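Student: Sharing a structure, written as structure tokens. Questions coming.
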Amino acid sequence: MATLNQPQLHITWANVDVTHDISALIEEFTLTDSIEGGRDEITLRLNNQDGRFLEQWPPQHGDVIEPVIVSSAGRWVVGKYTIDKLSVRFNPTVIVVSALAQEINRDALDKVQSRAFTHTSLHTVVRTIASEAGFVSHVTGQDVSLTRLDMRQESAHQLLQRLSKQYDHYYAIKGDNLLFMARIEAGELNIDLTRDTRLKSADFEISPRKGYARATMQYYDAQQKALITHTEQSPNTPGDRTLKLHDIANDLNDAISKCRAGLSAENKSAGGEGTLTLFGITIDAGTEVLISGAGQLPTYWIAEKVTTTINSTTGWTTRINLKVKES
């Protein structure tokens, strides 16, 4: 991550550099990045007091915006975004342009269908879907053999979201890239709540709910011709709470993966959540955040969503949505 001082925003709009024309009219720029499946988003709040964005310069649905943030730390190329929505406000008169990360063939991912994948693997299914939709796939992590995987009136996007939760992977669309990856470490940020000058505000909510010590799931053993119940322990969670997964896994390895993913998802939500708002910092979603100076609050957190804002009055701020990192 970097500390950005005196940032400036350069804008290319529909292949034209409009930085000189609209810089003085940009009241706020926001970039939202999340580790959960979906698309990054930007918003531009533009002063429209003279009506130019409703008359001679009307933004068009589908226009491509390419922002670049320039500061003393260097250039931050944010990517390409396609205008998706416009909001017009009066008194004061502003127009808010919302744009989503550009994708090459979202329709192929959103088409609802029913189909079956047989005698395959998790990674093969993901690569097949990516290829059919015209995306470049980036797949990492442990592969899992699948005897059969059914899509029942769901889209490929919904299937990938479901699989990412079942197998504890990170799924997202970034431009023409489809990412389906084992949870990655995206760096580290250390914040001392008592003395860090970058800190604007902090808010934490700790959940008293206890986590699950184990998870159970049935799978079909072809040799024994019987349903077998597998139990997976959570090594760092005390107590005797058991998470019962009612789906039937393909085999033992599938049961192990789904039990571990289920424990991971449930125990994350049991820890707590929080927000940090910082001055002049850029980090990626997925970054590990270490909190000190907070008494008995947990030390290790994960940046679940990062919202970066450049405001013409208040400057550069970064709002980080945190969740407790699973032990």
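Identifiers in this document derive from the order of the structure tokens: chains are assigned A, B, ..., residues are numbered from 1 separately in each chain, and ligands are numbered from 1 in order of occurrence.
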Could you give me, as a VMD selection string, the residues within 12 Å of segment 240-244 of chain A, counting only C-alpha atoms and dropping anything in the same chain fewer than 2 positions from it?

Tutor: chain A and resid 209 to 218 229 to 235 237 to 238 246 to 248 255 258 to 267

Student: Write to file, as an mmCIF file, in the first residue's frame, the residues of the selection just made, with N, CA and C atoms.

Tutor:
data_model
loop_
_atom_site.group_PDB
_atom_site.id
_atom_site.type_symbol
_atom_site.label_atom_id
_atom_site.label_comp_id
_atom_site.auth_asym_id
_atom_site.auth_seq_id
_atom_site.Cartn_x
_atom_site.Cartn_y
_atom_site.Cartn_z
ATOM 1 N N ARG A 209 -21.332 -14.305 19.798
ATOM 2 C CA ARG A 209 -21.694 -15.655 19.401
ATOM 3 C C ARG A 209 -20.450 -16.513 19.248
ATOM 4 N N LYS A 210 -20.497 -17.706 19.778
ATOM 5 C CA LYS A 210 -19.364 -18.614 19.697
ATOM 6 C C LYS A 210 -19.299 -19.281 18.329
ATOM 7 N N GLY A 211 -18.096 -19.637 17.934
ATOM 8 C CA GLY A 211 -17.903 -20.326 16.666
ATOM 9 C C GLY A 211 -18.206 -21.813 16.785
ATOM 10 N N TYR A 212 -18.082 -22.497 15.663
ATOM 11 C CA TYR A 212 -18.308 -23.943 15.621
ATOM 12 C C TYR A 212 -16.977 -24.674 15.797
ATOM 13 N N ALA A 213 -16.970 -25.675 16.691
ATOM 14 C CA ALA A 213 -15.766 -26.460 16.950
ATOM 15 C C ALA A 213 -15.571 -27.547 15.911
ATOM 16 N N ARG A 214 -16.633 -27.940 15.220
ATOM 17 C CA ARG A 214 -16.530 -29.015 14.221
ATOM 18 C C ARG A 214 -17.673 -28.888 13.222
ATOM 19 N N ALA A 215 -17.505 -29.564 12.086
ATOM 20 C CA ALA A 215 -18.556 -29.634 11.072
ATOM 21 C C ALA A 215 -18.689 -31.076 10.617
ATOM 22 N N THR A 216 -19.915 -31.484 10.309
ATOM 23 C CA THR A 216 -20.156 -32.847 9.822
ATOM 24 C C THR A 216 -20.885 -32.786 8.484
ATOM 25 N N MET A 217 -20.614 -33.811 7.653
ATOM 26 C CA MET A 217 -21.251 -33.890 6.343
ATOM 27 C C MET A 217 -21.213 -35.326 5.858
ATOM 28 N N GLN A 218 -22.249 -35.739 5.178
ATOM 29 C CA GLN A 218 -22.281 -37.088 4.636
ATOM 30 C C GLN A 218 -21.741 -37.121 3.209
ATOM 31 N N THR A 229 -20.626 -40.487 7.357
ATOM 32 C CA THR A 229 -20.584 -39.152 7.950
ATOM 33 C C THR A 229 -19.143 -38.793 8.292
ATOM 34 N N HIS A 230 -18.691 -37.675 7.730
ATOM 35 C CA HIS A 230 -17.332 -37.198 8.019
ATOM 36 C C HIS A 230 -17.403 -36.009 8.972
ATOM 37 N N THR A 231 -16.463 -35.961 9.908
ATOM 38 C CA THR A 231 -16.368 -34.848 10.858
ATOM 39 C C THR A 231 -15.033 -34.153 10.696
ATOM 40 N N GLU A 232 -15.086 -32.837 10.583
ATOM 41 C CA GLU A 232 -13.879 -32.031 10.453
ATOM 42 C C GLU A 232 -13.806 -31.080 11.639
ATOM 43 N N GLN A 233 -12.651 -31.048 12.327
ATOM 44 C CA GLN A 233 -12.475 -30.217 13.516
ATOM 45 C C GLN A 233 -11.921 -28.838 13.155
ATOM 46 N N SER A 234 -12.334 -27.830 13.914
ATOM 47 C CA SER A 234 -11.735 -26.502 13.809
ATOM 48 C C SER A 234 -10.695 -26.384 14.916
ATOM 49 N N PRO A 235 -9.402 -26.417 14.590
ATOM 50 C CA PRO A 235 -8.365 -26.544 15.621
ATOM 51 C C PRO A 235 -8.284 -25.382 16.592
ATOM 52 N N THR A 237 -10.973 -23.339 17.578
ATOM 53 C CA THR A 237 -12.254 -22.924 18.135
ATOM 54 C C THR A 237 -12.639 -23.847 19.283
ATOM 55 N N PRO A 238 -12.707 -23.325 20.496
ATOM 56 C CA PRO A 238 -13.070 -24.174 21.633
ATOM 57 C C PRO A 238 -14.571 -24.457 21.670
ATOM 58 N N HIS A 246 -26.066 -30.206 5.381
ATOM 59 C CA HIS A 246 -27.072 -31.184 4.979
ATOM 60 C C HIS A 246 -26.952 -31.618 3.528
ATOM 61 N N ASP A 247 -26.053 -31.010 2.763
ATOM 62 C CA ASP A 247 -25.790 -31.478 1.400
ATOM 63 C C ASP A 247 -25.058 -32.823 1.469
ATOM 64 N N ILE A 248 -25.009 -33.563 0.375
ATOM 65 C CA ILE A 248 -24.244 -34.815 0.314
ATOM 66 C C ILE A 248 -23.058 -34.606 -0.618
ATOM 67 N N ALA A 255 -16.113 -33.851 0.916
ATOM 68 C CA ALA A 255 -16.661 -33.601 2.258
ATOM 69 C C ALA A 255 -15.691 -32.802 3.108
ATOM 70 N N LYS A 258 -15.695 -29.102 1.868
ATOM 71 C CA LYS A 258 -16.917 -28.373 2.196
ATOM 72 C C LYS A 258 -17.056 -28.148 3.699
ATOM 73 N N CYS A 259 -16.612 -29.108 4.507
ATOM 74 C CA CYS A 259 -16.643 -28.916 5.960
ATOM 75 C C CYS A 259 -15.720 -27.776 6.372
ATOM 76 N N ARG A 260 -14.528 -27.759 5.796
ATOM 77 C CA ARG A 260 -13.567 -26.703 6.136
ATOM 78 C C ARG A 260 -14.070 -25.341 5.688
ATOM 79 N N ALA A 261 -14.650 -25.280 4.486
ATOM 80 C CA ALA A 261 -15.183 -24.005 3.995
ATOM 81 C C ALA A 261 -16.350 -23.543 4.861
ATOM 82 N N GLY A 262 -17.213 -24.488 5.263
ATOM 83 C CA GLY A 262 -18.341 -24.129 6.127
ATOM 84 C C GLY A 262 -17.890 -23.600 7.469
ATOM 85 N N LEU A 263 -16.895 -24.254 8.067
ATOM 86 C CA LEU A 263 -16.347 -23.773 9.332
ATOM 87 C C LEU A 263 -15.732 -22.387 9.179
ATOM 88 N N SER A 264 -15.006 -22.198 8.082
ATOM 89 C CA SER A 264 -14.364 -20.910 7.841
ATOM 90 C C SER A 264 -15.393 -19.799 7.739
ATOM 91 N N ALA A 265 -16.461 -20.021 6.964
ATOM 92 C CA ALA A 265 -17.485 -18.995 6.770
ATOM 93 C C ALA A 265 -18.217 -18.680 8.070
ATOM 94 N N GLU A 266 -18.607 -19.701 8.815
ATOM 95 C CA GLU A 266 -19.362 -19.492 10.047
ATOM 96 C C GLU A 266 -18.510 -18.852 11.136
ATOM 97 N N ASN A 267 -17.276 -19.284 11.255
ATOM 98 C CA ASN A 267 -16.427 -18.770 12.332
ATOM 99 C C ASN A 267 -15.933 -17.360 12.060
#

Student: From a DSSP calculation on the backbone, collect every residue of segment 232-296 of chain A in helix (DSSP H, G or I) and output the set as a PyMOL selection string.

Tutor: chain A and resi 252-271

Student: So that I have them on file, write out the residues from the current selection with N, CA and C atoms, as a short mmCIF file (atom, residue, chain, number, x, y, z; two decimals), in the first residue's frame.

Tutor:
data_model
loop_
_atom_site.label_atom_id
_atom_site.label_comp_id
_atom_site.auth_asym_id
_atom_site.auth_seq_id
_atom_site.Cartn_x
_atom_site.Cartn_y
_atom_site.Cartn_z
N LEU A 252 -14.98 -38.38 -0.07
CA LEU A 252 -14.36 -37.93 1.17
C LEU A 252 -13.66 -36.59 1.00
N ASN A 253 -12.89 -36.43 -0.07
CA ASN A 253 -12.16 -35.18 -0.27
C ASN A 253 -13.12 -34.00 -0.42
N ASP A 254 -14.23 -34.24 -1.11
CA ASP A 254 -15.24 -33.20 -1.27
C ASP A 254 -15.85 -32.83 0.08
N ALA A 255 -16.11 -33.85 0.92
CA ALA A 255 -16.66 -33.60 2.26
C ALA A 255 -15.69 -32.80 3.11
N ILE A 256 -14.41 -33.14 3.03
CA ILE A 256 -13.39 -32.41 3.79
C ILE A 256 -13.37 -30.95 3.38
N SER A 257 -13.35 -30.69 2.06
CA SER A 257 -13.29 -29.31 1.56
C SER A 257 -14.50 -28.51 1.99
N LYS A 258 -15.69 -29.10 1.87
CA LYS A 258 -16.92 -28.37 2.20
C LYS A 258 -17.06 -28.15 3.70
N CYS A 259 -16.61 -29.11 4.51
CA CYS A 259 -16.64 -28.92 5.96
C CYS A 259 -15.72 -27.78 6.37
N ARG A 260 -14.53 -27.76 5.80
CA ARG A 260 -13.57 -26.70 6.14
C ARG A 260 -14.07 -25.34 5.69
N ALA A 261 -14.65 -25.28 4.49
CA ALA A 261 -15.18 -24.01 4.00
C ALA A 261 -16.35 -23.54 4.86
N GLY A 262 -17.21 -24.49 5.26
CA GLY A 262 -18.34 -24.13 6.13
C GLY A 262 -17.89 -23.60 7.47
N LEU A 263 -16.89 -24.25 8.07
CA LEU A 263 -16.35 -23.77 9.33
C LEU A 263 -15.73 -22.39 9.18
N SER A 264 -15.01 -22.20 8.08
CA SER A 264 -14.36 -20.91 7.84
C SER A 264 -15.39 -19.80 7.74
N ALA A 265 -16.46 -20.02 6.96
CA ALA A 265 -17.48 -18.99 6.77
C ALA A 265 -18.22 -18.68 8.07
N GLU A 266 -18.61 -19.70 8.81
CA GLU A 266 -19.36 -19.49 10.05
C GLU A 266 -18.51 -18.85 11.14
N ASN A 267 -17.28 -19.28 11.25
CA ASN A 267 -16.43 -18.77 12.33
C ASN A 267 -15.93 -17.36 12.06
N LYS A 268 -15.87 -16.98 10.78
CA LYS A 268 -15.52 -15.60 10.47
C LYS A 268 -16.61 -14.65 10.98
N SER A 269 -17.86 -15.00 10.73
CA SER A 269 -18.96 -14.13 11.14
C SER A 269 -19.14 -14.11 12.65
N ALA A 270 -18.57 -15.10 13.33
CA ALA A 270 -18.70 -15.14 14.79
C ALA A 270 -17.72 -14.21 15.48
N GLY A 271 -16.70 -13.76 14.78
CA GLY A 271 -15.66 -12.98 15.43
C GLY A 271 -16.01 -11.52 15.65
#

Student: Would you please work out which residue, of A:Asp50, A:Asp110, A:Glu188, A:Glu27, is nearest to Leu159 of chain A when using only C-alpha atoms?

Tutor: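 For Leu159 of chain A, the nearest of the given residues is A:Asp110.
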
Student: Using only C-alpha atoms, which of A:Thr194, A:Thr275, A:Thr147, A:Gln8 sits nearest Val70 of chain A?

Tutor: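 Closest to Val70 of chain A, using only C-alpha atoms: A:Gln8.
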
Student: Just the residues within 9 Å of Lys85 of chain A, please, counting only C-alpha atoms, with nothing from its chain fewer than 3 positions along; format it as an NGL selection string.

Tutor: :A and (61 or 96-99)

Student: Find the spatial neighbours of His169 of chain A, counting only C-alpha atoms, within a cut-off of 8 Å - ignore same-chain residues fewer than 6 positions away - and output them as a list in words.

Tutor: Gly141, Leu163, Phe180, Met181, Ala182 and Arg183 of chain A

Student: Which is closest to Tyr300 of chain A among A:Thr82, A:Thr30, A:Thr282, A:Asn190, if we use only C-alpha atoms?

Tutor: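 With only C-alpha atoms as the atom set, the closest residue is A:Asn190.
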
Student: Return as a count of residues only the full set of residues in segment 60-220 of chain A whose backbone-based DSSP assignment is strand (DSSP E).

Tutor: 86

Student: At a cut-off of 12 Å, using only C-alpha atoms, what residues contact Val139 of chain A? Leave out same-chain residues fewer than 5 positions from it and give the result as a ChimeraX atom specification.

Tutor: /A:122-130,164,169-172,177-184

Student: A:Thr287, A:Asn91, A:Thr309, A:Thr12: which is nearest Phe29 of chain A, counting only C-alpha atoms?

Tutor: A:Thr309

Student: For Gly293 of chain A, find every residue with an atom within 9 Å (counting only C-alpha atoms), except residues of its own chain fewer than 5 positions away, and show them as a ChimeraX atom specification.

Tutor: /A:191-195

Student: Can those selected residues be exported to a file as a PDB file, in the first residue's frame so that it contains N, CA, C and O atoms?

Tutor:
ATOM      1  N   ILE A 191      -2.038  -0.615  12.166  1.00  0.00           N
ATOM      2  CA  ILE A 191      -2.675   0.598  12.664  1.00  0.00           C
ATOM      3  C   ILE A 191      -2.657   0.588  14.190  1.00  0.00           C
ATOM      4  O   ILE A 191      -3.175  -0.329  14.825  1.00  0.00           O
ATOM      5  N   ASP A 192      -2.037   1.618  14.790  1.00  0.00           N
ATOM      6  CA  ASP A 192      -2.060   1.821  16.229  1.00  0.00           C
ATOM      7  C   ASP A 192      -3.152   2.846  16.519  1.00  0.00           C
ATOM      8  O   ASP A 192      -3.028   4.022  16.151  1.00  0.00           O
ATOM      9  N   LEU A 193      -4.239   2.414  17.142  1.00  0.00           N
ATOM     10  CA  LEU A 193      -5.392   3.291  17.336  1.00  0.00           C
ATOM     11  C   LEU A 193      -5.108   4.463  18.260  1.00  0.00           C
ATOM     12  O   LEU A 193      -5.868   5.440  18.294  1.00  0.00           O
ATOM     13  N   THR A 194      -4.035   4.398  19.032  1.00  0.00           N
ATOM     14  CA  THR A 194      -3.743   5.470  19.987  1.00  0.00           C
ATOM     15  C   THR A 194      -2.849   6.567  19.421  1.00  0.00           C
ATOM     16  O   THR A 194      -2.825   7.676  19.968  1.00  0.00           O
ATOM     17  N   ARG A 195      -2.145   6.297  18.307  1.00  0.00           N
ATOM     18  CA  ARG A 195      -1.163   7.292  17.864  1.00  0.00           C
ATOM     19  C   ARG A 195      -0.998   7.418  16.357  1.00  0.00           C
ATOM     20  O   ARG A 195      -0.194   8.234  15.897  1.00  0.00           O
TER      21      ARG A 195
END

Student: Go through A:Thr19, A:Gln49, A:Ser155, A:Gln166 and flag the residue nearest Phe90 of chain A, using only C-alpha atoms for the distances.

Tutor: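 Answer, going by the shortest atom-to-atom distance: A:Gln49.
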
Student: When distances are computed from only C-alpha atoms, which of A:Pro92, A:Gly79, A:Gly286, A:Gly295 shows the smallest separation from Asp40 of chain A?

Tutor: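 Of all the options, A:Gly79 lies closest to Asp40 of chain A.
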
Student: Quick one: everything within 8 Å of Lys80 of chain A, counting only C-alpha atoms, minus sequence neighbours fewer than 6 positions away in the same chain. Send it as a PyMOL selection string.

Tutor: chain A and resi 64-67+101-102+175
